>>> print(open('my_file-v9.cif').read())   # mmCIF, C-alpha atoms
data_structure
#
loop_
_atom_site.label_atom_id
_atom_site.label_comp_id
_atom_site.auth_asym_id
_atom_site.auth_seq_id
_atom_site.Cartn_x
_atom_site.Cartn_y
_atom_site.Cartn_z
CA MET A 152 29.99 35.24 -22.04
CA ILE A 153 31.31 31.74 -21.33
CA PRO A 154 30.29 29.67 -18.28
CA ASN A 155 33.05 27.97 -16.32
CA PHE A 156 32.51 24.78 -14.31
CA ILE A 157 31.08 24.97 -10.80
CA GLY A 158 31.85 21.42 -9.62
CA GLU A 159 33.39 18.66 -11.68
CA PHE A 160 35.96 19.79 -14.21
CA ASP A 161 34.30 17.77 -16.92
CA LYS A 162 32.93 18.97 -20.22
CA GLU A 163 29.87 16.74 -19.90
CA TYR A 164 28.54 19.42 -17.54
CA LEU A 165 28.36 21.95 -20.39
CA PRO A 166 26.15 22.00 -23.49
CA LYS A 167 27.92 20.89 -26.66
CA ARG A 168 26.95 24.21 -28.22
CA THR A 169 28.69 26.17 -25.45
CA ILE A 170 31.84 24.10 -25.98
CA GLU A 171 31.76 24.45 -29.77
CA GLU A 172 31.20 28.20 -29.65
CA THR A 173 34.14 28.46 -27.23
CA TYR A 174 36.32 26.47 -29.65
CA LYS A 175 35.96 29.40 -32.11
CA ILE A 176 37.46 31.83 -29.61
CA THR A 177 41.16 32.39 -28.94
CA HIS A 178 41.04 35.83 -27.27
CA PHE A 179 39.76 36.07 -23.72
CA ILE A 180 39.07 38.58 -20.98
CA VAL A 181 39.30 36.51 -17.79
CA GLU A 182 39.21 36.74 -14.03
CA LYS A 183 42.43 34.70 -13.76
CA GLU A 184 44.54 33.46 -16.67
CA LYS A 185 45.63 30.28 -14.87
CA THR A 186 42.04 29.12 -14.22
CA ALA A 187 40.99 30.11 -17.72
CA ARG A 188 43.78 27.99 -19.22
CA ALA A 189 42.72 25.02 -17.06
CA PHE A 190 39.13 25.44 -18.25
CA LEU A 191 40.14 25.59 -21.92
CA LYS A 192 42.27 22.47 -21.43
CA ALA A 193 39.38 20.63 -19.73
CA ILE A 194 37.03 21.33 -22.63
CA GLN A 195 39.78 20.17 -25.03
CA HIS A 196 39.93 23.44 -26.91
CA PRO A 197 41.68 22.68 -30.22
CA THR A 198 43.95 25.75 -30.03
CA HIS A 199 47.45 25.33 -28.60
CA GLN A 200 47.86 27.03 -25.21
CA ASN A 201 50.65 29.22 -26.64
CA ASP A 202 48.23 30.70 -29.16
CA PHE A 203 45.63 31.94 -26.68
CA VAL A 204 45.62 35.66 -25.91
CA PHE A 205 44.45 36.74 -22.45
CA VAL A 206 43.95 39.82 -20.41
CA GLU A 207 42.88 39.67 -16.78
CA LEU A 208 39.99 41.81 -15.59
CA ASP A 209 41.54 44.41 -13.34
CA LYS A 210 39.57 47.09 -11.53
CA HIS A 211 42.50 49.48 -11.47
CA ASN A 212 42.42 52.60 -13.61
CA ASN A 213 38.76 52.15 -14.44
CA TYR A 214 39.41 48.80 -16.19
CA VAL A 215 41.73 50.41 -18.72
CA GLY A 216 43.46 47.03 -19.31
CA PHE A 217 40.53 45.10 -20.76
CA LYS A 218 39.35 48.14 -22.70
CA LEU A 219 42.69 48.44 -24.51
CA PHE A 220 42.58 44.68 -25.17
CA PHE A 221 39.01 45.01 -26.44
CA HIS A 222 39.90 47.72 -28.96
CA GLU A 223 43.07 45.94 -30.04
CA HIS A 224 41.26 42.72 -30.97
CA ILE A 225 37.53 43.26 -31.48
CA ASP A 226 37.80 44.10 -35.19
CA LYS A 227 39.36 40.74 -35.99
CA HIS A 228 38.23 38.41 -33.19
CA SER A 229 35.30 37.45 -31.01
CA ILE A 230 36.32 37.93 -27.40
CA GLY A 231 35.35 35.44 -24.70
CA VAL A 232 34.67 36.39 -21.09
CA LEU A 233 35.44 33.80 -18.41
CA SER A 234 35.17 33.97 -14.64
CA GLU A 235 36.59 31.61 -12.01
CA ALA A 236 33.44 29.49 -11.76
CA GLY A 237 29.94 29.44 -13.16
CA LEU A 238 28.39 32.21 -15.20
CA PRO A 239 30.44 35.35 -15.77
CA ALA A 240 28.75 38.58 -14.64
CA ILE A 241 26.39 36.78 -12.24
CA ALA A 242 27.67 36.82 -8.66
CA ASP A 243 31.02 37.10 -10.41
CA PRO A 244 33.04 39.62 -12.43
CA GLY A 245 32.35 40.15 -16.12
CA SER A 246 29.44 42.59 -16.34
CA GLU A 247 31.88 45.46 -16.99
CA VAL A 248 32.86 43.80 -20.27
CA ALA A 249 29.27 43.23 -21.40
CA LYS A 250 28.42 46.80 -20.42
CA TYR A 251 31.37 48.16 -22.38
CA ALA A 252 30.54 46.05 -25.45
CA HIS A 253 26.97 47.41 -25.49
CA THR A 254 28.24 51.01 -25.42
CA LYS A 255 30.45 50.18 -28.43
CA GLY A 256 27.64 48.48 -30.33
CA VAL A 257 29.30 45.06 -30.15
CA PRO A 258 26.81 42.15 -29.77
CA VAL A 259 27.02 40.24 -26.49
CA VAL A 260 26.28 36.52 -26.73
CA PRO A 261 25.50 34.55 -23.55
CA LEU A 262 26.35 30.84 -23.61
CA ALA A 263 24.47 28.45 -21.35
CA GLY A 264 26.04 26.65 -18.41
CA SER A 265 25.58 25.92 -14.75
CA SER A 266 24.74 28.53 -12.16
CA SER A 267 24.89 27.40 -8.55
CA LEU A 268 22.29 30.07 -7.68
CA PHE A 269 19.76 28.66 -10.11
CA LEU A 270 20.48 25.01 -9.39
CA ALA A 271 19.99 25.72 -5.69
CA LEU A 272 16.78 27.69 -6.22
CA MET A 273 15.38 25.04 -8.59
CA ALA A 274 15.97 22.32 -5.98
CA SER A 275 14.98 24.33 -2.90
CA GLY A 276 11.23 23.97 -3.36
CA PHE A 277 10.96 27.70 -2.64
CA ASN A 278 9.18 30.47 -4.54
CA GLY A 279 10.74 30.73 -8.00
CA GLN A 280 8.22 33.27 -9.29
CA ASN A 281 9.79 36.03 -7.19
CA PHE A 282 13.31 35.87 -5.86
CA LYS A 283 16.28 38.08 -5.04
CA PHE A 284 20.00 37.48 -5.04
CA ASN A 285 21.67 39.54 -2.33
CA GLY A 286 25.34 38.59 -2.60
CA TYR A 287 27.14 38.77 0.76
CA LEU A 288 25.83 40.12 4.06
CA PRO A 289 27.69 42.99 5.79
CA LEU A 290 30.58 41.91 8.08
CA ASP A 291 29.74 44.15 11.04
CA THR A 292 27.66 42.07 13.48
CA ARG A 293 24.91 44.61 14.08
CA GLU A 294 24.55 45.45 10.40
CA ARG A 295 24.66 41.75 9.57
CA VAL A 296 21.76 40.95 11.90
CA LYS A 297 19.83 43.92 10.51
CA ALA A 298 20.42 42.84 6.90
CA LEU A 299 19.33 39.30 7.73
CA LYS A 300 16.11 40.48 9.42
CA GLU A 301 15.33 42.64 6.38
CA MET A 302 15.90 39.69 4.08
CA GLU A 303 13.70 37.53 6.28
CA ASN A 304 10.89 40.08 6.00
CA ARG A 305 11.26 40.21 2.21
CA SER A 306 11.38 36.40 2.04
CA ARG A 307 7.62 36.19 2.60
CA LYS A 308 7.12 37.65 -0.86
CA ALA A 309 10.29 36.56 -2.64
CA SER A 310 12.90 33.86 -1.98
CA GLN A 311 16.15 35.43 -0.77
CA ILE A 312 19.42 33.95 -2.04
CA PHE A 313 22.78 34.81 -0.47
CA MET A 314 26.32 33.60 0.14
CA GLU A 315 29.20 33.74 2.59
CA ALA A 316 32.97 33.55 2.21
CA PRO A 317 33.45 29.74 2.15
CA TYR A 318 35.87 29.63 5.13
CA ARG A 319 33.17 31.30 7.28
CA ASN A 320 30.32 28.98 6.19
CA ASN A 321 30.11 26.92 9.41
CA PRO A 322 29.74 29.87 11.82
CA PHE A 323 27.45 31.51 9.25
CA LEU A 324 25.03 28.58 9.40
CA GLU A 325 25.03 28.89 13.22
CA PHE A 326 24.36 32.62 12.84
CA LEU A 327 21.40 31.92 10.55
CA ILE A 328 19.88 29.31 12.84
CA LYS A 329 20.27 31.64 15.82
CA ASN A 330 18.82 34.75 14.18
CA LEU A 331 16.10 33.48 11.84
CA GLN A 332 12.61 32.67 13.04
CA ASN A 333 11.78 29.02 13.65
CA ASP A 334 9.22 28.78 10.87
CA THR A 335 11.37 30.49 8.21
CA LYS A 336 12.51 27.87 5.73
CA LEU A 337 16.24 27.60 5.03
CA CYS A 338 17.82 25.81 2.06
CA VAL A 339 21.55 25.08 2.07
CA ALA A 340 23.02 23.80 -1.21
CA VAL A 341 26.62 22.54 -1.04
CA ASP A 342 29.10 21.20 -3.57
CA LEU A 343 26.70 21.45 -6.50
CA GLU A 344 27.78 19.31 -9.47
CA LYS A 345 30.45 17.58 -7.39
CA GLU A 346 29.89 13.89 -8.00
CA GLY A 347 28.76 12.10 -4.85
CA LYS A 348 29.15 15.22 -2.71
CA GLU A 349 26.24 17.44 -3.81
CA THR A 350 23.95 18.05 -0.84
CA ILE A 351 20.75 20.10 -0.78
CA ILE A 352 18.82 20.40 2.47
CA SER A 353 15.64 22.45 2.64
CA LYS A 354 13.55 22.67 5.83
CA PRO A 355 12.30 25.03 8.54
CA VAL A 356 14.93 26.67 10.75
CA SER A 357 13.47 24.82 13.77
CA GLN A 358 14.68 21.54 12.24
CA TRP A 359 18.24 22.73 11.50
CA LYS A 360 21.12 21.89 13.84
CA PRO A 361 24.26 24.07 13.75
CA ARG A 362 26.72 21.27 12.94
CA GLU A 363 24.59 18.88 10.95
CA ILE A 364 26.46 19.60 7.74
CA GLU A 365 30.13 20.39 7.18
CA LEU A 366 30.40 23.55 5.07
CA HIS A 367 33.96 24.71 5.75
CA LYS A 368 35.55 26.00 2.53
CA LYS A 369 32.82 24.35 0.44
CA PRO A 370 30.96 26.39 -2.18
CA THR A 371 27.54 26.94 -0.63
CA ILE A 372 24.33 28.76 -1.55
CA PHE A 373 21.87 29.82 1.15
CA ILE A 374 18.19 30.56 0.43
CA ILE A 375 15.38 31.52 2.78
CA GLU A 376 11.61 31.61 2.32
CA GLY A 377 9.23 33.11 4.88
CA MET B 251 14.49 18.82 -11.88
CA ILE B 252 15.04 18.66 -15.64
CA PRO B 253 15.53 21.76 -17.83
CA ASN B 254 13.53 21.96 -21.03
CA PHE B 255 14.72 23.89 -24.11
CA ILE B 256 14.14 27.64 -24.32
CA GLY B 257 14.89 28.17 -28.02
CA GLU B 258 16.11 25.55 -30.48
CA PHE B 259 14.73 22.07 -29.89
CA ASP B 260 18.19 20.58 -30.12
CA LYS B 261 20.00 18.50 -27.54
CA GLU B 262 23.28 20.32 -28.22
CA TYR B 263 21.84 23.08 -26.03
CA LEU B 264 21.89 20.81 -22.98
CA PRO B 265 24.84 19.31 -21.08
CA LYS B 266 25.50 15.65 -21.89
CA ARG B 267 25.16 14.91 -18.17
CA THR B 268 21.65 16.40 -18.07
CA ILE B 269 20.66 14.25 -21.04
CA GLU B 270 22.17 11.08 -19.63
CA GLU B 271 20.58 11.54 -16.23
CA THR B 272 17.24 12.08 -17.98
CA TYR B 273 17.74 8.84 -19.93
CA LYS B 274 17.55 7.01 -16.57
CA ILE B 275 14.09 8.40 -15.87
CA THR B 276 10.78 7.04 -17.18
CA HIS B 277 8.34 8.61 -14.68
CA PHE B 278 7.63 12.31 -14.94
CA ILE B 279 5.62 15.05 -13.27
CA VAL B 280 5.14 17.61 -16.05
CA GLU B 281 3.45 20.88 -16.89
CA LYS B 282 2.04 19.37 -20.11
CA GLU B 283 2.41 15.80 -21.26
CA LYS B 284 2.49 16.69 -24.95
CA THR B 285 5.43 19.10 -24.57
CA ALA B 286 7.20 16.67 -22.26
CA ARG B 287 6.92 13.91 -24.87
CA ALA B 288 8.29 16.23 -27.55
CA PHE B 289 11.23 17.10 -25.30
CA LEU B 290 12.00 13.44 -24.56
CA LYS B 291 11.85 12.69 -28.28
CA ALA B 292 14.19 15.60 -29.08
CA ILE B 293 16.82 14.37 -26.63
CA GLN B 294 16.45 10.85 -28.14
CA HIS B 295 15.45 9.24 -24.87
CA PRO B 296 16.01 5.48 -25.33
CA THR B 297 12.66 4.53 -23.75
CA HIS B 298 9.69 3.92 -26.05
CA GLN B 299 7.02 6.64 -25.75
CA ASN B 300 4.47 4.00 -24.68
CA ASP B 301 6.58 3.15 -21.64
CA PHE B 302 6.74 6.64 -20.16
CA VAL B 303 4.49 7.39 -17.21
CA PHE B 304 3.27 10.96 -16.77
CA VAL B 305 1.15 13.04 -14.49
CA GLU B 306 0.43 16.67 -15.21
CA LEU B 307 0.90 19.25 -12.46
CA ASP B 308 -2.56 20.40 -11.55
CA LYS B 309 -3.32 23.00 -8.91
CA HIS B 310 -6.73 21.56 -8.14
CA ASN B 311 -7.34 19.84 -4.81
CA ASN B 312 -4.06 21.05 -3.39
CA TYR B 313 -2.05 19.16 -6.05
CA VAL B 314 -3.47 15.82 -4.97
CA GLY B 315 -2.73 14.36 -8.44
CA PHE B 316 1.04 14.61 -8.40
CA LYS B 317 1.18 13.62 -4.74
CA LEU B 318 -0.62 10.34 -5.44
CA PHE B 319 1.70 9.76 -8.40
CA PHE B 320 4.70 10.55 -6.19
CA HIS B 321 3.75 7.98 -3.55
CA GLU B 322 2.82 5.37 -6.13
CA HIS B 323 6.23 5.46 -7.83
CA ILE B 324 8.91 6.98 -5.60
CA ASP B 325 9.92 3.71 -3.94
CA LYS B 326 10.85 2.14 -7.26
CA HIS B 327 11.65 5.06 -9.57
CA SER B 328 13.35 8.42 -9.74
CA ILE B 329 10.78 11.00 -10.80
CA GLY B 330 11.61 13.75 -13.29
CA VAL B 331 10.04 17.21 -13.20
CA LEU B 332 9.66 19.05 -16.52
CA SER B 333 8.11 22.40 -17.33
CA GLU B 334 7.15 23.88 -20.69
CA ALA B 335 10.47 25.68 -21.21
CA GLY B 336 13.69 26.30 -19.35
CA LEU B 337 14.25 25.43 -15.71
CA PRO B 338 11.36 23.94 -13.77
CA ALA B 339 10.42 25.85 -10.60
CA ILE B 340 12.05 29.09 -11.80
CA ALA B 341 9.53 31.47 -13.33
CA ASP B 342 7.68 28.24 -14.06
CA PRO B 343 5.76 25.51 -12.19
CA GLY B 344 7.61 22.73 -10.39
CA SER B 345 8.56 24.10 -6.97
CA GLU B 346 5.57 22.33 -5.40
CA VAL B 347 7.14 18.99 -6.32
CA ALA B 348 10.58 19.90 -4.94
CA LYS B 349 8.92 21.24 -1.78
CA TYR B 350 6.91 18.05 -1.35
CA ALA B 351 9.94 15.83 -1.92
CA HIS B 352 11.88 17.67 0.81
CA THR B 353 9.06 17.14 3.30
CA LYS B 354 9.17 13.41 2.50
CA GLY B 355 12.95 13.20 2.82
CA VAL B 356 13.43 12.43 -0.88
CA PRO B 357 16.60 14.00 -2.39
CA VAL B 358 16.01 16.67 -5.04
CA VAL B 359 18.59 16.77 -7.82
CA PRO B 360 18.78 19.85 -10.07
CA LEU B 361 20.14 19.29 -13.58
CA ALA B 362 21.79 22.14 -15.47
CA GLY B 363 20.28 23.79 -18.52
CA SER B 364 19.39 27.15 -19.98
CA SER B 365 17.54 29.86 -18.13
CA SER B 366 16.43 32.83 -20.20
CA LEU B 367 16.58 34.98 -17.03
CA PHE B 368 20.22 34.19 -16.43
CA LEU B 369 21.28 34.36 -20.07
CA ALA B 370 19.64 37.79 -20.32
CA LEU B 371 21.21 39.05 -17.08
CA MET B 372 24.64 37.70 -18.05
CA ALA B 373 24.50 39.56 -21.37
CA SER B 374 22.85 42.76 -20.11
CA GLY B 375 25.98 44.31 -18.65
CA PHE B 376 23.93 45.14 -15.55
CA ASN B 377 24.61 44.50 -11.87
CA GLY B 378 24.86 40.74 -11.36
CA GLN B 379 25.93 40.99 -7.70
CA ASN B 380 22.44 42.02 -6.63
CA PHE B 381 19.35 41.31 -8.69
CA LYS B 382 15.68 40.52 -8.33
CA PHE B 383 13.25 38.56 -10.46
CA ASN B 384 9.76 40.05 -10.21
CA GLY B 385 7.69 37.90 -12.53
CA TYR B 386 4.81 39.83 -14.12
CA LEU B 387 3.63 43.36 -13.35
CA PRO B 388 0.01 43.93 -12.21
CA LEU B 389 -2.54 44.35 -15.03
CA ASP B 390 -4.38 47.37 -13.60
CA THR B 391 -2.83 50.49 -15.16
CA ARG B 392 -2.39 52.49 -11.98
CA GLU B 393 -0.97 49.55 -10.05
CA ARG B 394 1.23 48.72 -13.00
CA VAL B 395 2.77 52.19 -13.10
CA LYS B 396 3.25 52.09 -9.32
CA ALA B 397 4.95 48.67 -9.47
CA LEU B 398 7.24 49.88 -12.26
CA LYS B 399 8.27 53.00 -10.32
CA GLU B 400 9.02 50.86 -7.27
CA MET B 401 11.14 48.53 -9.39
CA GLU B 402 12.93 51.50 -10.89
CA ASN B 403 13.79 52.78 -7.41
CA ARG B 404 15.08 49.37 -6.38
CA SER B 405 17.05 49.07 -9.64
CA ARG B 406 19.69 51.50 -8.34
CA LYS B 407 20.81 48.85 -5.90
CA ALA B 408 19.80 45.64 -7.69
CA SER B 409 19.03 44.80 -11.32
CA GLN B 410 15.29 44.18 -11.75
CA ILE B 411 14.21 41.37 -14.07
CA PHE B 412 10.61 40.98 -15.25
CA MET B 413 8.37 39.63 -18.00
CA GLU B 414 5.12 40.23 -19.83
CA ALA B 415 2.61 37.95 -21.53
CA PRO B 416 4.27 37.57 -24.97
CA TYR B 417 1.26 38.87 -26.96
CA ARG B 418 1.46 42.13 -24.99
CA ASN B 419 5.23 42.65 -25.41
CA ASN B 420 5.04 45.47 -27.99
CA PRO B 421 2.72 47.76 -26.00
CA PHE B 422 4.67 46.79 -22.87
CA LEU B 423 7.91 48.13 -24.36
CA GLU B 424 6.09 51.39 -25.19
CA PHE B 425 4.79 51.49 -21.61
CA LEU B 426 8.33 51.05 -20.25
CA ILE B 427 9.81 53.77 -22.46
CA LYS B 428 7.04 56.15 -21.49
CA ASN B 429 7.18 55.55 -17.75
CA LEU B 430 10.84 54.94 -16.98
CA GLN B 431 13.33 57.77 -16.49
CA ASN B 432 15.56 58.63 -19.41
CA ASP B 433 18.77 57.59 -17.71
CA THR B 434 17.48 54.24 -16.44
CA LYS B 435 19.08 51.47 -18.48
CA LEU B 436 16.78 48.93 -20.13
CA CYS B 437 17.83 45.54 -21.49
CA VAL B 438 15.48 43.59 -23.76
CA ALA B 439 16.49 40.00 -24.54
CA VAL B 440 14.42 38.25 -27.23
CA ASP B 441 14.41 34.76 -28.74
CA LEU B 442 17.32 33.51 -26.63
CA GLU B 443 18.92 30.37 -28.08
CA LYS B 444 16.94 30.73 -31.31
CA GLU B 445 19.55 30.44 -34.04
CA GLY B 446 19.95 33.68 -35.98
CA LYS B 447 17.11 35.36 -34.09
CA GLU B 448 18.56 35.97 -30.63
CA THR B 449 18.65 39.72 -29.95
CA ILE B 450 19.89 41.47 -26.83
CA ILE B 451 19.75 45.26 -26.66
CA SER B 452 20.93 47.10 -23.57
CA LYS B 453 20.98 50.91 -23.38
CA PRO B 454 19.48 53.92 -21.59
CA VAL B 455 15.73 54.48 -21.98
CA SER B 456 16.45 57.77 -23.77
CA GLN B 457 17.94 55.79 -26.66
CA TRP B 458 15.02 53.33 -26.98
CA LYS B 459 12.34 53.80 -29.63
CA PRO B 460 8.93 52.12 -29.13
CA ARG B 461 8.96 50.11 -32.35
CA GLU B 462 12.63 49.48 -32.89
CA ILE B 463 12.27 45.77 -32.18
CA GLU B 464 9.41 43.39 -32.94
CA LEU B 465 8.46 41.52 -29.76
CA HIS B 466 4.95 40.27 -30.52
CA LYS B 467 4.53 36.73 -29.19
CA LYS B 468 8.29 36.34 -28.82
CA PRO B 469 9.73 35.10 -25.52
CA THR B 470 11.29 38.20 -24.00
CA ILE B 471 13.09 39.12 -20.79
CA PHE B 472 13.18 42.73 -19.58
CA ILE B 473 15.81 44.05 -17.16
CA ILE B 474 16.35 47.54 -15.77
CA GLU B 475 19.26 49.11 -13.91
CA GLY B 476 19.11 52.56 -12.34
#
>>> encode(input="my_file-v9.cif", output="C-alpha cells")
Amino acid sequence: MIPNFIGEFDKEYLPKRTIEETYKITHFIVEKEKTARAFLKAIQHPTHQNDFVFVELDKHNNYVGFKLFFHEHIDKHSIGVLSEAGLPAIADPGSEVAKYAHTKGVPVVPLAGSSSLFLALMASGFNGQNFKFNGYLPLDTRERVKALKEMENRSRKASQIFMEAPYRNNPFLEFLIKNLQNDTKLCVAVDLEKEGKETIISKPVSQWKPREIELHKKPTIFIIEG
Amino acid sequence: MIPNFIGEFDKEYLPKRTIEETYKITHFIVEKEKTARAFLKAIQHPTHQNDFVFVELDKHNNYVGFKLFFHEHIDKHSIGVLSEAGLPAIADPGSEVAKYAHTKGVPVVPLAGSSSLFLALMASGFNGQNFKFNGYLPLDTRERVKALKEMENRSRKASQIFMEAPYRNNPFLEFLIKNLQNDTKLCVAVDLEKEGKETIISKPVSQWKPREIELHKKPTIFIIEG
C-alpha cells in the first residue's frame, strides 16, 4: 500500500523508506495509470517507464481485472497499490486489493505517507482521542441537513471529519455556517502540503464568514467539534 | 506538530521535509523531555542538546505550564509539539497546544509522519470511506462488553478502530474472540514499522484463535468490520 502525494509533487514529502520500498516494485494496481506513472517519475523510480506493469482498479465485474492481474503476478512479484492522492484505501480506493490479499494469505504491507485527514485533525486542536471520518454528506438537501445535525450531535463526543466535492466547497462552507450551531467549532484545512498555500483555520462557527476563504476546486478537509 | 517514530528509531521512516522543518525548531512542548531528546538525537538535529528548550505537557492547573512557555517564546521562536510516539494530538496528547495556538491566532503546521492507526486501517482491507477511532474500551466488564457490542453494530457502516493497554493485549484478544460474532472481521496490527516484526492479520472472528499471536506489551491496533 503506497501513499501518493497530497500537495507538492516532491519526494521530500515521503519517508526515504517508503520511496526505497517502492523502488523494488514494478507491478502496480492503481486508480489511474497516468497519475501512477507521474508519481513513479516524481520519486525517480529506477525502472524504465516501459517496464512497469499496471492494471487499473475497476469496479466492473466484481473487480475481476485486478484479481486476474493479482494471480498472474503475485507468485513472482510484490504488487504495489496506488491511489490518486494520499493513502490508498483511506477515503480512496484500494481496500478491495488489501481485502483480497488477506483472503489469499498474501501479506499486506502499509507504507507511511501523508494523509490529509490526519494532518488536518492533528492541526485542528480538536479531540484526537475519539474521531470519525464520514466521507461525503448526502446530496439531497433535507438528508444533507439531517446528516449534518447528526454529525454535530456526535461531535460532542468525537471529532467529525468530512469532505465535499472540491467544486462545491464554497457553497458547502456557507451551508455549514448556516446550519451548524454558533458554538460548534469548525476546522477547515485547505491545500495541505502545498508550499505557501496551506491554510488551516479552526474556530467557532460564530466567527466564520461565508467567503473568508476561497475553497473552489481546492482539496479541503472539514472537521467539527461540539 | 511533529510526528515521533512508531517503530524503528530511524529517520528514514520520516519525510525529509518533516526532518528539515524540525531542524529549524529549538523550543518544544513535549509529552516527555527524555523521549523528545532521544527523538531529536535520532534525527540528527544540528542543535546541541544543551541548547534545546523544553516544557512537558502537564494537565495540572489547566495546562498553565505550557501556556506560560508558549507566551514566553512564541514571539521569537516556532514551537514544536512532540508526543511519545506517532502523531501528536491523535490518540496522544498535543491537541491542547494546537487548540491554544488557534485561539491566539498562531498558525499550526502539521508535519507528516507515521500513524499506526492509519497504517493499520490501510492494510486491514476494511472500509476506509467511513471509520471511527474509539480509543480505549471501558475497564468495567459489563460496560466493556456493552461498548464492544455497540462498536460491532456500528462496524457494519464504519470500520471501528480501538486499542488496549499493551500489557493487557493478550487477554483482550481473547475477550474480542469470545464476544464478537463469528462473521465480524477482526484486524490486529502489531509492531508496525518494526523491521521483521510487523504483523497484520485480518480475517473473520471465526478463524481467530486466542493465542495465535503474541501481543503482550506490543503496540497493537485493533479494527473490526461488520
>>> resolve_selection(input="my_file-v9.cif", expression="the PyMOL selection byres ((chain B) within 6 of (chain A))", output="list in words")
Glu262, Tyr263, Leu264, Pro265, Lys266, Arg267, Ala339, Ile340, Ala341, Ser345, Ala348, Lys349, Val358, Pro360, Ala362, Ser364, Leu369, Met372, Ala373, Gly375, Gly378, Gln379, Asn380, Phe381, Lys382, Phe383, Asn384 and Gly385 of chain B
>>> resolve_selection(input="my_file-v9.cif", expression="the PyMOL selection byres ((chain A and resi 318) around 8)", output="PyMOL selection string")
chain A and resi 316-317+319-321+367-369
>>> write_last_selection(input="my_file-v9.cif", atoms="C-alpha atoms", output="PDB file, in the coordinates of the input")
ATOM      1  CA  ALA A 316      32.970  33.550   2.210  1.00  0.00           C
ATOM      2  CA  PRO A 317      33.450  29.740   2.150  1.00  0.00           C
ATOM      3  CA  ARG A 319      33.170  31.300   7.280  1.00  0.00           C
ATOM      4  CA  ASN A 320      30.320  28.980   6.190  1.00  0.00           C
ATOM      5  CA  ASN A 321      30.110  26.920   9.410  1.00  0.00           C
ATOM      6  CA  HIS A 367      33.960  24.710   5.750  1.00  0.00           C
ATOM      7  CA  LYS A 368      35.550  26.000   2.530  1.00  0.00           C
ATOM      8  CA  LYS A 369      32.820  24.350   0.440  1.00  0.00           C
TER       9      LYS A 369
END
>>> resolve_selection(input="my_file-v9.cif", expression="the PyMOL selection byres ((chain B and resi 296) around 10)", output="tab-separated table (two decimals) with C-alpha atoms, keeping the file's coordinate frame")
chain	number	residue	atom	x	y	z
B	272	THR	CA	17.24	12.08	-17.98
B	273	TYR	CA	17.74	8.84	-19.93
B	274	LYS	CA	17.55	7.01	-16.57
B	276	THR	CA	10.78	7.04	-17.18
B	290	LEU	CA	12.00	13.44	-24.56
B	291	LYS	CA	11.85	12.69	-28.28
B	293	ILE	CA	16.82	14.37	-26.63
B	294	GLN	CA	16.45	10.85	-28.14
B	295	HIS	CA	15.45	9.24	-24.87
B	297	THR	CA	12.66	4.53	-23.75
B	298	HIS	CA	9.69	3.92	-26.05
B	299	GLN	CA	7.02	6.64	-25.75
>>> atom_distance(input="my_file-v9.cif", atom1="CA of Leu423 in chain B", atom2="CA of Arg461 in chain B")
8.3 Å
>>> axis_aligned_box(input="my_file-v9.cif", around="range 356-370 of chain B", padding_each_side="6 Å", output="AutoDock Vina command-line options")
--center_x 17.6 --center_y 25.1 --center_z -10.6 --size_x 20.4 --size_y 37.4 --size_z 31.4
>>> atom_distance(input="my_file-v9.cif", atom1="CA of Val204 in chain A", atom2="CA of Asp226 in chain A")
14.8 Å
>>> atom_distance(input="my_file-v9.cif", atom1="CA of Leu430 in chain B", atom2="CA of Gly476 in chain B")
9.8 Å
>>> closest_residue(input="my_file-v9.cif", among="B:Ile256, B:Leu398, B:Leu465, B:Ala335", to="Pro421 in chain B", atoms="all atoms listed in the file")
B:Leu465
>>> residues_near_point(input="my_file-v9.cif", point="(40.9, 35.1, -28.9)", cutoff="9 Å", atoms="all atoms listed in the file", output="VMD selection string")
chain A and resid 175 to 180 202 to 205 224 228 to 231
>>> residues_around(input="my_file-v9.cif", residues="Pro454 in chain B", least_positions_apart="3", cutoff="9 Å", atoms="all atoms listed in the file", output="ChimeraX atom specification")
/B:431-437,457-458
>>> closest_residue(input="my_file-v9.cif", among="B:Arg406, B:Lys326, B:Arg287, B:Lys428", to="Pro460 in chain B", atoms="only C-alpha atoms")
B:Lys428
>>> build_atoms(input="my_file-v9.cif", residues="range 257-266 of chain B", atoms="N, CA and C atoms", output="tab-separated table (two decimals), in the frame of the given file")
chain	number	residue	atom	x	y	z
B	257	GLY	N	14.89	27.67	-26.65
B	257	GLY	CA	14.89	28.17	-28.02
B	257	GLY	C	14.86	26.99	-28.98
B	258	GLU	N	16.02	26.71	-29.58
B	258	GLU	CA	16.11	25.55	-30.48
B	258	GLU	C	15.77	24.26	-29.74
B	259	PHE	N	15.07	23.39	-30.42
B	259	PHE	CA	14.73	22.07	-29.89
B	259	PHE	C	15.84	21.11	-30.29
B	260	ASP	N	16.98	21.24	-29.64
B	260	ASP	CA	18.19	20.58	-30.12
B	260	ASP	C	19.02	20.21	-28.90
B	261	LYS	N	19.36	18.93	-28.78
B	261	LYS	CA	20.00	18.50	-27.54
B	261	LYS	C	21.41	19.06	-27.36
B	262	GLU	N	21.97	19.68	-28.40
B	262	GLU	CA	23.28	20.32	-28.22
B	262	GLU	C	23.21	21.52	-27.28
B	263	TYR	N	21.99	21.96	-26.96
B	263	TYR	CA	21.84	23.08	-26.03
B	263	TYR	C	21.79	22.62	-24.57
B	264	LEU	N	21.89	21.32	-24.35
B	264	LEU	CA	21.89	20.81	-22.98
B	264	LEU	C	23.19	20.06	-22.69
B	265	PRO	N	23.65	20.10	-21.43
B	265	PRO	CA	24.84	19.31	-21.08
B	265	PRO	C	24.57	17.81	-21.28
B	266	LYS	N	25.61	17.10	-21.70
B	266	LYS	CA	25.50	15.65	-21.89
B	266	LYS	C	25.04	14.99	-20.59
